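Text of the file work_8.tsv, holding TSV, C-alpha atoms:
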chain	number	residue	atom	x	y	z
A	1	MET	CA	-65.21	-21.33	34.01
A	2	THR	CA	-67.80	-19.81	31.72
A	3	LYS	CA	-67.19	-19.55	28.00
A	4	ARG	CA	-67.35	-15.73	28.30
A	5	LEU	CA	-64.60	-15.65	31.00
A	6	ALA	CA	-62.38	-18.03	29.02
A	7	ALA	CA	-62.68	-15.83	25.95
A	8	LEU	CA	-61.80	-12.73	28.00
A	9	ILE	CA	-58.67	-14.39	29.40
A	10	PHE	CA	-57.65	-15.45	25.85
A	11	LEU	CA	-57.97	-11.87	24.57
A	12	LEU	CA	-55.94	-10.51	27.49
A	13	LEU	CA	-53.17	-13.01	26.75
A	14	LEU	CA	-53.13	-11.93	23.09
A	15	ALA	CA	-52.83	-8.30	24.12
A	16	GLY	CA	-50.01	-9.19	26.49
A	17	CYS	CA	-48.10	-10.84	23.65
A	18	GLY	CA	-47.93	-7.46	21.89
A	19	SER	CA	-46.78	-5.62	24.99
A	20	PRO	CA	-43.13	-4.44	25.06
A	21	GLN	CA	-42.99	-5.35	28.72
A	22	PHE	CA	-43.73	-8.94	27.83
A	23	ILE	CA	-40.96	-9.45	25.26
A	24	ASP	CA	-38.37	-6.98	26.55
A	25	GLY	CA	-35.58	-8.75	28.46
A	26	PRO	CA	-35.05	-12.33	29.51
A	27	LEU	CA	-37.69	-14.57	30.96
A	28	PRO	CA	-37.39	-15.39	34.65
A	29	GLY	CA	-34.39	-17.65	35.19
A	30	GLU	CA	-32.72	-16.72	31.88
A	31	ALA	CA	-29.40	-14.86	31.73
A	32	THR	CA	-29.11	-11.59	29.79
A	33	PRO	CA	-27.20	-12.25	26.55
A	34	PRO	CA	-23.85	-10.44	26.58
A	35	ALA	CA	-23.72	-7.25	24.50
A	36	ARG	CA	-21.33	-7.33	21.53
A	37	GLU	CA	-19.14	-4.30	20.98
A	38	GLU	CA	-19.29	-3.14	17.38
A	39	ILE	CA	-16.30	-1.70	15.53
A	40	VAL	CA	-16.47	-0.28	12.00
A	41	ILE	CA	-13.60	-0.61	9.54
A	42	TRP	CA	-13.35	1.17	6.20
A	43	HIS	CA	-11.31	-0.63	3.54
A	44	THR	CA	-10.58	-0.50	-0.19
A	45	TYR	CA	-10.08	-4.18	-0.92
A	46	SER	CA	-10.78	-5.53	-4.41
A	47	ASP	CA	-13.65	-7.92	-5.10
A	48	GLU	CA	-11.66	-11.08	-4.34
A	49	GLU	CA	-9.90	-9.48	-1.37
A	50	THR	CA	-13.24	-8.35	0.01
A	51	ARG	CA	-14.69	-11.84	-0.38
A	52	ILE	CA	-11.92	-13.36	1.72
A	53	PHE	CA	-11.84	-10.49	4.22
A	54	GLU	CA	-15.57	-10.54	4.88
A	55	ASN	CA	-16.27	-14.27	4.56
A	56	GLU	CA	-13.15	-15.76	6.13
A	57	VAL	CA	-11.08	-13.26	8.07
A	58	ILE	CA	-13.80	-11.43	9.98
A	59	PRO	CA	-15.73	-14.60	10.94
A	60	ALA	CA	-12.48	-16.14	12.23
A	61	PHE	CA	-11.81	-13.06	14.35
A	62	GLU	CA	-15.35	-12.97	15.73
A	63	GLN	CA	-15.10	-16.62	16.65
A	64	ALA	CA	-11.90	-15.90	18.56
A	65	TYR	CA	-13.37	-12.75	20.14
A	66	PRO	CA	-17.13	-13.32	20.43
A	67	GLY	CA	-17.63	-10.07	22.33
A	68	ILE	CA	-16.62	-7.96	19.30
A	69	ARG	CA	-18.56	-7.55	16.07
A	70	VAL	CA	-16.74	-6.16	13.03
A	71	THR	CA	-18.71	-4.17	10.46
A	72	PRO	CA	-16.74	-3.71	7.21
A	73	VAL	CA	-17.52	-0.84	4.85
A	74	ARG	CA	-15.93	-1.02	1.42
A	75	GLN	CA	-14.87	2.34	0.02
A	76	PRO	CA	-13.56	3.40	-3.41
A	77	TYR	CA	-9.83	4.10	-3.39
A	78	SER	CA	-9.38	7.80	-4.24
A	79	LEU	CA	-8.10	11.04	-2.80
A	80	GLU	CA	-11.74	11.84	-2.00
A	81	LEU	CA	-11.64	9.01	0.53
A	82	LYS	CA	-8.83	10.74	2.41
A	83	SER	CA	-10.87	13.96	2.48
A	84	THR	CA	-13.90	12.02	3.71
A	85	ILE	CA	-11.88	10.48	6.56
A	86	ILE	CA	-10.70	13.94	7.63
A	87	ALA	CA	-14.23	15.36	7.41
A	88	ARG	CA	-15.78	12.50	9.37
A	89	ALA	CA	-13.08	12.77	12.04
A	90	THR	CA	-13.72	16.50	12.35
A	91	SER	CA	-17.47	15.96	12.69
A	92	GLY	CA	-17.02	13.34	15.39
A	93	LYS	CA	-18.44	10.51	13.28
A	94	PRO	CA	-15.39	8.58	12.07
A	95	PRO	CA	-15.08	4.83	11.57
A	96	ASP	CA	-13.04	3.05	14.21
A	97	LEU	CA	-10.36	1.75	11.83
A	98	VAL	CA	-9.25	2.45	8.28
A	99	ARG	CA	-7.03	0.52	5.91
A	100	MET	CA	-5.17	3.26	4.03
A	101	ASP	CA	-2.25	3.81	1.68
A	102	ILE	CA	1.04	4.17	3.53
A	103	THR	CA	1.57	7.65	2.05
A	104	TRP	CA	-1.55	8.97	3.83
A	105	VAL	CA	-0.31	8.29	7.34
A	106	PRO	CA	1.96	11.38	7.75
A	107	GLU	CA	-0.76	13.85	6.71
A	108	LEU	CA	-3.52	12.35	8.85
A	109	SER	CA	-1.11	12.02	11.77
A	110	SER	CA	-0.16	15.69	11.49
A	111	LEU	CA	-3.84	16.67	11.55
A	112	GLY	CA	-4.46	14.76	14.77
A	113	VAL	CA	-6.88	12.36	13.09
A	114	LEU	CA	-5.08	9.13	14.01
A	115	TYR	CA	-4.57	7.51	17.40
A	116	PRO	CA	-0.85	7.08	18.31
A	117	VAL	CA	-0.96	3.32	18.80
A	118	GLY	CA	2.76	3.35	19.54
A	119	ASP	CA	1.83	4.71	22.99
A	120	LEU	CA	-0.16	1.58	23.90
A	121	PRO	CA	1.55	-0.69	26.46
A	122	ASP	CA	1.77	-3.81	24.27
A	123	PHE	CA	2.72	-2.00	21.05
A	124	LYS	CA	6.30	-3.27	21.04
A	125	ALA	CA	5.13	-6.86	21.22
A	126	ALA	CA	2.71	-6.31	18.33
A	127	ALA	CA	5.31	-4.50	16.21
A	128	GLY	CA	8.08	-6.97	16.99
A	129	ARG	CA	6.59	-9.68	14.79
A	130	LEU	CA	6.38	-7.38	11.75
A	131	GLN	CA	9.11	-6.57	9.21
A	132	ALA	CA	11.06	-3.54	10.41
A	133	VAL	CA	11.00	-1.63	7.12
A	134	THR	CA	7.20	-1.83	6.98
A	135	MET	CA	6.96	-0.36	10.47
A	136	ASP	CA	8.77	2.75	9.23
A	137	THR	CA	5.75	3.59	7.06
A	138	ASN	CA	3.71	4.20	10.24
A	139	LYS	CA	6.16	6.56	11.91
A	140	PHE	CA	5.71	10.32	12.02
A	141	LYS	CA	7.81	12.66	14.18
A	142	GLY	CA	9.01	9.84	16.38
A	143	ARG	CA	5.60	8.26	17.11
A	144	TYR	CA	3.80	5.32	15.51
A	145	TYR	CA	0.23	5.69	14.23
A	146	GLY	CA	-0.59	2.28	12.76
A	147	LEU	CA	0.54	-1.21	11.88
A	148	PRO	CA	1.52	-2.34	8.37
A	149	LEU	CA	-1.15	-4.58	6.86
A	150	ASP	CA	0.30	-5.50	3.46
A	151	VAL	CA	3.38	-4.53	1.49
A	152	ASN	CA	4.65	-4.30	-2.06
A	153	THR	CA	7.61	-2.95	-3.98
A	154	ARG	CA	8.73	-2.79	-7.57
A	155	VAL	CA	10.59	-5.84	-8.86
A	156	ALA	CA	12.51	-6.41	-12.09
A	157	ILE	CA	10.56	-8.34	-14.74
A	158	TYR	CA	12.87	-9.48	-17.55
A	159	ASN	CA	12.16	-11.07	-20.88
A	160	ARG	CA	13.50	-14.53	-20.09
A	161	ARG	CA	14.14	-15.53	-23.72
A	162	GLN	CA	16.18	-12.39	-24.43
A	163	LEU	CA	18.38	-12.99	-21.39
A	164	GLU	CA	18.96	-16.59	-22.47
A	165	ARG	CA	19.63	-15.60	-26.09
A	166	LEU	CA	22.26	-13.07	-25.10
A	167	GLY	CA	23.72	-15.07	-22.22
A	168	ILE	CA	23.12	-12.21	-19.79
A	169	ASP	CA	23.04	-12.86	-16.06
A	170	THR	CA	20.43	-10.95	-14.08
A	171	PRO	CA	21.99	-7.62	-13.04
A	172	ARG	CA	22.71	-6.90	-9.37
A	173	SER	CA	22.97	-3.11	-9.60
A	174	VAL	CA	21.64	-0.26	-11.72
A	175	ASP	CA	25.04	0.02	-13.44
A	176	GLU	CA	24.93	-3.67	-14.43
A	177	LEU	CA	21.34	-3.18	-15.60
A	178	VAL	CA	22.39	-0.36	-17.93
A	179	GLN	CA	25.23	-2.47	-19.35
A	180	ALA	CA	22.84	-5.37	-19.96
A	181	ALA	CA	20.43	-3.10	-21.85
A	182	ARG	CA	23.27	-1.80	-23.99
A	183	LYS	CA	24.41	-5.34	-24.77
A	184	ALA	CA	20.88	-6.44	-25.62
A	185	LYS	CA	20.19	-3.24	-27.57
A	186	LEU	CA	16.81	-3.20	-25.88
A	187	PRO	CA	15.37	-0.44	-23.66
A	188	LEU	CA	14.52	-0.56	-19.97
A	189	GLY	CA	10.98	0.22	-18.88
A	190	LEU	CA	11.29	3.38	-16.80
A	191	ASP	CA	7.65	4.43	-16.97
A	192	GLY	CA	7.52	8.04	-15.84
A	193	PRO	CA	8.99	10.92	-13.84
A	194	SER	CA	7.19	10.21	-10.54
A	195	LEU	CA	8.95	9.43	-7.26
A	196	TRP	CA	7.53	5.88	-7.37
A	197	SER	CA	8.96	5.26	-10.86
A	198	LEU	CA	12.14	7.35	-10.98
A	199	LEU	CA	13.56	6.96	-7.46
A	200	PRO	CA	14.98	3.42	-7.91
A	201	TYR	CA	17.14	4.69	-10.80
A	202	PHE	CA	17.79	8.16	-9.35
A	203	TYR	CA	18.91	6.76	-5.98
A	204	GLY	CA	20.75	3.91	-7.68
A	205	MET	CA	22.87	6.43	-9.54
A	206	GLY	CA	23.62	8.48	-6.42
A	207	GLY	CA	20.77	10.98	-6.24
A	208	GLN	CA	18.89	12.20	-3.16
A	209	VAL	CA	15.58	13.98	-2.62
A	210	MET	CA	15.63	15.36	0.94
A	211	ASP	CA	17.73	15.37	4.09
A	212	PRO	CA	17.46	12.40	6.53
A	213	THR	CA	14.86	14.24	8.64
A	214	TYR	CA	12.75	15.16	5.58
A	215	THR	CA	12.77	18.87	6.40
A	216	ARG	CA	14.45	20.28	3.29
A	217	ALA	CA	15.34	19.44	-0.30
A	218	ASP	CA	17.82	22.24	-1.00
A	219	GLY	CA	21.33	20.87	-0.87
A	220	TYR	CA	20.09	17.32	-1.50
A	221	LEU	CA	17.78	17.24	-4.54
A	222	ASN	CA	20.04	19.77	-6.25
A	223	SER	CA	23.36	18.51	-4.87
A	224	PRO	CA	26.22	17.73	-7.28
A	225	ALA	CA	25.52	14.00	-6.82
A	226	SER	CA	21.83	14.43	-7.68
A	227	ILE	CA	22.64	16.60	-10.71
A	228	ALA	CA	25.09	13.94	-11.91
A	229	ALA	CA	22.50	11.18	-11.42
A	230	LEU	CA	19.74	12.92	-13.37
A	231	THR	CA	22.19	14.04	-16.05
A	232	ARG	CA	23.10	10.40	-16.58
A	233	ILE	CA	19.45	9.29	-16.73
A	234	VAL	CA	18.67	11.96	-19.34
A	235	ALA	CA	21.73	10.96	-21.37
A	236	LEU	CA	20.70	7.29	-21.22
A	237	THR	CA	17.24	8.30	-22.42
A	238	ASP	CA	18.79	10.14	-25.37
A	239	GLU	CA	20.84	7.00	-26.04
A	240	GLY	CA	17.74	4.78	-26.02
A	241	VAL	CA	18.51	2.82	-22.85
A	242	PHE	CA	15.34	4.35	-21.41
A	243	ASP	CA	12.34	4.77	-23.72
A	244	ARG	CA	11.37	8.45	-23.85
A	245	ASN	CA	7.82	7.62	-24.96
A	246	LEU	CA	7.26	5.55	-21.83
A	247	ILE	CA	8.65	8.30	-19.61
A	248	LEU	CA	6.17	10.68	-21.25
A	249	GLY	CA	3.30	8.25	-20.62
A	250	ARG	CA	3.00	6.71	-24.06
A	251	GLY	CA	3.27	3.00	-24.86
A	252	ASP	CA	2.61	-0.37	-23.20
A	253	ARG	CA	5.52	-1.67	-21.12
A	254	TRP	CA	3.85	-4.96	-20.27
A	255	GLU	CA	3.33	-6.00	-23.86
A	256	ALA	CA	6.77	-4.72	-24.86
A	257	VAL	CA	8.63	-6.87	-22.32
A	258	LEU	CA	6.46	-9.93	-23.02
A	259	LYS	CA	7.06	-9.62	-26.78
A	260	GLY	CA	10.80	-9.25	-26.28
A	261	ASN	CA	10.91	-5.60	-27.40
A	262	MET	CA	12.12	-4.51	-23.96
A	263	LEU	CA	14.72	-6.13	-21.73
A	264	MET	CA	13.17	-5.28	-18.37
A	265	ALA	CA	10.13	-3.55	-16.92
A	266	ASP	CA	10.01	-2.88	-13.19
A	267	ASP	CA	6.56	-3.11	-11.67
A	268	GLY	CA	4.51	-4.15	-8.66
A	269	PRO	CA	2.43	-7.24	-7.83
A	270	TRP	CA	-0.38	-6.23	-10.18
A	271	PHE	CA	1.69	-7.28	-13.23
A	272	TYR	CA	1.20	-10.98	-12.53
A	273	SER	CA	-2.14	-10.76	-10.73
A	274	VAL	CA	-3.77	-8.81	-13.58
A	275	LEU	CA	-2.28	-10.76	-16.46
A	276	SER	CA	-2.78	-14.18	-14.87
A	277	THR	CA	-6.52	-13.54	-14.56
A	278	SER	CA	-6.99	-11.70	-17.86
A	279	GLN	CA	-8.94	-13.53	-20.54
A	280	ASN	CA	-7.02	-11.55	-23.19
A	281	ASN	CA	-3.59	-12.63	-22.00
A	282	LYS	CA	-1.91	-14.67	-24.74
A	283	PHE	CA	1.51	-14.98	-23.13
A	284	ASP	CA	3.16	-17.68	-21.06
A	285	LEU	CA	4.03	-15.57	-18.02
A	286	GLU	CA	6.31	-18.15	-16.45
A	287	GLY	CA	8.02	-19.03	-19.72
A	288	ASP	CA	8.28	-15.51	-21.10
A	289	THR	CA	9.46	-13.67	-17.99
A	290	LEU	CA	12.02	-13.92	-15.23
A	291	VAL	CA	11.45	-11.93	-12.06
A	292	THR	CA	14.08	-10.83	-9.51
A	293	PRO	CA	14.34	-8.14	-6.84
A	294	PHE	CA	15.06	-4.73	-8.35
A	295	PRO	CA	18.85	-4.44	-8.82
A	296	GLY	CA	19.61	-1.96	-6.09
A	297	ARG	CA	16.86	-0.40	-3.96
A	298	SER	CA	13.24	0.01	-4.94
A	299	VAL	CA	10.42	1.99	-3.33
A	300	ILE	CA	8.14	0.48	-0.71
A	301	GLY	CA	4.36	0.55	-1.11
A	302	GLY	CA	1.40	-0.98	0.65
A	303	GLU	CA	-1.37	-0.27	3.13
A	304	ASN	CA	-1.45	0.35	6.87
A	305	LEU	CA	-4.21	-0.23	9.40
A	306	VAL	CA	-4.89	2.76	11.63
A	307	ILE	CA	-7.28	3.66	14.44
A	308	LEU	CA	-9.10	6.98	14.39
A	309	ARG	CA	-8.29	9.09	17.43
A	310	ASP	CA	-11.89	9.66	18.56
A	311	THR	CA	-13.00	6.03	18.48
A	312	PRO	CA	-15.05	5.06	21.53
A	313	HIS	CA	-13.87	1.47	21.03
A	314	LEU	CA	-10.11	1.76	21.37
A	315	GLU	CA	-9.49	-1.57	23.09
A	316	ALA	CA	-11.67	-3.53	20.64
A	317	ALA	CA	-10.16	-1.74	17.62
A	318	TRP	CA	-6.62	-2.41	18.89
A	319	THR	CA	-7.49	-6.07	19.44
A	320	PHE	CA	-8.66	-6.34	15.84
A	321	MET	CA	-5.61	-4.48	14.52
A	322	LYS	CA	-3.25	-6.86	16.30
A	323	TRP	CA	-5.19	-9.85	15.03
A	324	MET	CA	-5.12	-8.58	11.41
A	325	THR	CA	-1.33	-8.40	11.53
A	326	GLY	CA	-1.05	-11.86	13.04
A	327	LYS	CA	0.06	-14.94	11.13
A	328	ALA	CA	-3.41	-16.48	10.65
A	329	ALA	CA	-5.12	-13.41	9.17
A	330	GLN	CA	-2.10	-12.51	7.05
A	331	GLU	CA	-2.01	-15.98	5.52
A	332	MET	CA	-5.74	-15.80	4.75
A	333	MET	CA	-5.31	-12.47	2.91
A	334	PHE	CA	-2.26	-13.82	1.08
A	335	LYS	CA	-4.65	-16.11	-0.81
A	336	ALA	CA	-6.04	-12.95	-2.44
A	337	GLY	CA	-2.56	-11.68	-3.32
A	338	GLN	CA	-1.96	-9.46	-0.28
A	339	LEU	CA	1.73	-9.79	0.57
A	340	PRO	CA	2.18	-10.17	4.33
A	341	THR	CA	4.05	-7.90	6.71
A	342	ASN	CA	4.12	-10.51	9.47
A	343	SER	CA	7.53	-12.18	9.45
A	344	GLU	CA	6.17	-15.68	10.01
A	345	ALA	CA	3.48	-15.31	7.37
A	346	GLY	CA	6.05	-13.81	4.98
A	347	THR	CA	8.30	-16.83	5.39
A	348	SER	CA	5.38	-19.14	4.69
A	349	ALA	CA	4.38	-17.14	1.60
A	350	THR	CA	7.90	-17.15	0.20
A	351	ALA	CA	8.22	-20.89	0.80
A	352	GLN	CA	5.33	-21.60	-1.58
A	353	GLY	CA	7.66	-21.39	-4.56
A	354	ASN	CA	6.08	-18.36	-6.26
A	355	ALA	CA	9.00	-16.56	-7.91
A	356	PHE	CA	7.26	-13.21	-7.92
A	357	VAL	CA	6.39	-13.40	-4.22
A	358	ALA	CA	9.93	-14.47	-3.36
A	359	ALA	CA	11.43	-11.59	-5.38
A	360	THR	CA	9.09	-9.07	-3.81
A	361	MET	CA	9.63	-10.21	-0.25
A	362	GLU	CA	13.40	-10.13	-0.79
A	363	GLY	CA	13.18	-6.66	-2.35
A	364	VAL	CA	11.11	-5.32	0.53
A	365	LYS	CA	14.00	-5.95	2.93
A	366	ASN	CA	16.04	-3.22	1.21
A	367	ALA	CA	13.24	-0.95	-0.01
A	368	MET	CA	13.25	2.82	0.54
A	369	LEU	CA	10.56	5.23	1.64
A	370	ARG	CA	9.25	8.07	-0.40
A	371	PRO	CA	9.50	11.27	1.71
A	372	PRO	CA	7.10	10.54	4.63
A	373	ILE	CA	5.77	14.06	5.05
A	374	PRO	CA	2.22	15.47	5.27
A	375	ASP	CA	2.42	17.19	1.88
A	376	ASP	CA	3.32	14.03	-0.06
A	377	ILE	CA	0.79	14.56	-2.88
A	378	GLU	CA	1.87	18.15	-3.52
A	379	ILE	CA	5.54	17.25	-3.39
A	380	GLU	CA	4.98	14.24	-5.66
A	381	ASP	CA	3.32	16.55	-8.20
A	382	LEU	CA	6.09	19.13	-7.98
A	383	PHE	CA	8.79	16.50	-8.44
A	384	SER	CA	7.02	14.89	-11.41
A	385	ASN	CA	6.30	18.20	-13.13
A	386	TYR	CA	9.88	19.46	-12.88
A	387	MET	CA	11.28	16.12	-14.01
A	388	LEU	CA	8.96	16.21	-17.01
A	389	LEU	CA	10.29	19.66	-17.94
A	390	VAL	CA	13.82	18.23	-17.79
A	391	PHE	CA	13.03	15.18	-19.92
A	392	THR	CA	11.32	17.36	-22.55
A	393	LYS	CA	14.38	19.67	-22.55
A	394	LYS	CA	12.42	22.71	-21.41
A	395	LEU	CA	14.77	23.01	-18.44
A	396	THR	CA	18.35	21.88	-18.00
A	397	VAL	CA	19.02	19.27	-15.32
A	398	ALA	CA	20.49	21.86	-12.95
A	399	GLU	CA	17.61	24.29	-13.56
A	400	GLY	CA	15.01	21.59	-13.00
A	401	LEU	CA	16.54	20.30	-9.77
A	402	ASN	CA	17.22	23.78	-8.38
A	403	GLN	CA	13.66	24.91	-9.05
A	404	ALA	CA	12.17	21.66	-7.76
A	405	ALA	CA	14.18	21.89	-4.51
A	406	ALA	CA	13.06	25.49	-3.95
A	407	ALA	CA	9.40	24.65	-4.65
A	408	ILE	CA	9.42	21.62	-2.35
A	409	ASP	CA	11.03	23.59	0.48
A	410	ALA	CA	8.43	26.34	0.08
A	411	VAL	CA	5.66	23.78	0.60
A	412	VAL	CA	7.37	22.24	3.62
A	413	ARG	CA	7.97	25.64	5.24
A	414	ALA	CA	4.37	26.74	4.62
A	415	LYS	CA	3.10	23.87	6.75
Structure re-expressed in structure tokens:
Amino acid sequence: MTKRLAALIFLLLLAGCGSPQFIDGPLPGEATPPAREEIVIWHTYSDEETRIFENEVIPAFEQAYPGIRVTPVRQPYSLELKSTIIARATSGKPPDLVRMDITWVPELSSLGVLYPVGDLPDFKAAAGRLQAVTMDTNKFKGRYYGLPLDVNTRVAIYNRRQLERLGIDTPRSVDELVQAARKAKLPLGLDGPSLWSLLPYFYGMGGQVMDPTYTRADGYLNSPASIAALTRIVALTDEGVFDRNLILGRGDRWEAVLKGNMLMADDGPWFYSVLSTSQNNKFDLEGDTLVTPFPGRSVIGGENLVILRDTPHLEAAWTFMKWMTGKAAQEMMFKAGQLPTNSEAGTSATAQGNAFVAATMEGVKNAMLRPPIPDDIEIEDLFSNYMLLVFTKKLTVAEGLNQAAAAIDAVVRAK
């Protein structure tokens, strides 16, 4: 072979190396690598939750299901996020799954944005391993639109030293709680007129918000029993059992209960998670507080995992949803403070000896729903505003409840 011919062959080989036909596809005898189906999930996890979700949970899932790739997209938690989900669904460019607040499910279900996963053939098996009360947060007009991913509820956080000083046993009902506050001559930390804050006391004293089907408030929110309940709460506020400043949004409940200036503050899991990691915390949380389930019934909170109706990856998204509510994934997320909805994982979490977790998981069993209706934000605002007018004595109890019931029913009828 001449030097000129050898050089020509070398140049042709170099040109072939840049040809798409040369590098596209497997070489002869090689198998085509299997395509991985990609699903996109939007979430609002915190920094630590995101670290565990993205570095531990997702890799474990992808190892178990190598044909599926999960792409997480962290989003800021806000009402704008709900609007963005609706807009993306309308434009045909939604994510496949979203982790969302339980109160968003009714509205997005009513708009046809969510896939009714309750219609899938193995839904009952997936739901059967989850706590029943958490499943209720996914139900709208008889159909299920998601699975509960994590759960919380308000628990009672007492000043331990004040209870010991006065020889007071932890109350088991709202009535016993009021008597304990009177004996201690210390207020209780009712922190505002919202449904989330007021309902445990309002329901505990016999009040109601809407009928069992959540179609009307008239005759329930303004019933004689509800008027009596709110009248008692207002009277107890005048007496000092409830701190009016806190109801009006002024003051620091956390510091008050830790300093012994308040007998009890009811709050969610963030009380311990925030203070235990705060560099400015100067209190002994275990020594200064005693935590129990709320005496009576508290309100359930948490997040659900849903599938967007127009996903082209329904089977893969459903596979991931079932896996996220399984024992292994739930126990991984529990390390970041996410309280599990899976019954087995919940038992394991409670068995770890954390008093706050144990109190919360016990309280969840008897927790109540806020009205699961599409107009939850508007109704929450109406309820809070009318209650504020009552507490500031601009309306009587009867006037406030009558007007609130009429306003809520007008919203429900308009939809």
Inset, instruction - Using all atoms listed in the file, determine which residues lie at most 12 Å from A:Phe320, disregarding the query and same-chain residues fewer than 5 positions distant; provide the list as a PyMOL selection string. - result: chain A and resi 37-41+57-62+64-71+96-98+126+147+149+305-307+313-315+325-326+329
Inset, instruction - Have a look at A:Gln352, A:Thr292, A:Ser343, A:Asn385 and name the one nearest to A:Asp169; count only C-alpha atoms. - result: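 The answer is A:Thr292, which sits nearest to A:Asp169.
Taking atom CA of A:Leu230 and atom CA of A:Met205 as the two end points, the separation is 8.2 Å.
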Inset, instruction - In Å, rounded to a single decimal, give me how far atom CA of A:Val390 is from atom CA of A:Arg154. - result: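 Those two atoms sit 23.9 Å apart.
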Mind checking which residues fall within 12 Å of A:Thr84, counting only C-alpha atoms, ignoring those fewer than 6 positions away in the same chain, and posting them as a CSV table (one decimal) with C-alpha atoms, in the frame of the given file?
chain,number,residue,atom,x,y,z
A,42,TRP,CA,-13.4,1.2,6.2
A,75,GLN,CA,-14.9,2.3,0.0
A,76,PRO,CA,-13.6,3.4,-3.4
A,77,TYR,CA,-9.8,4.1,-3.4
A,78,SER,CA,-9.4,7.8,-4.2
A,90,THR,CA,-13.7,16.5,12.4
A,91,SER,CA,-17.5,16.0,12.7
A,93,LYS,CA,-18.4,10.5,13.3
A,94,PRO,CA,-15.4,8.6,12.1
A,95,PRO,CA,-15.1,4.8,11.6
A,98,VAL,CA,-9.2,2.4,8.3
A,108,LEU,CA,-3.5,12.4,8.8
A,113,VAL,CA,-6.9,12.4,13.1
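Atom CA of A:Ile168 lies 22.6 Å from atom CA of A:Asn354.
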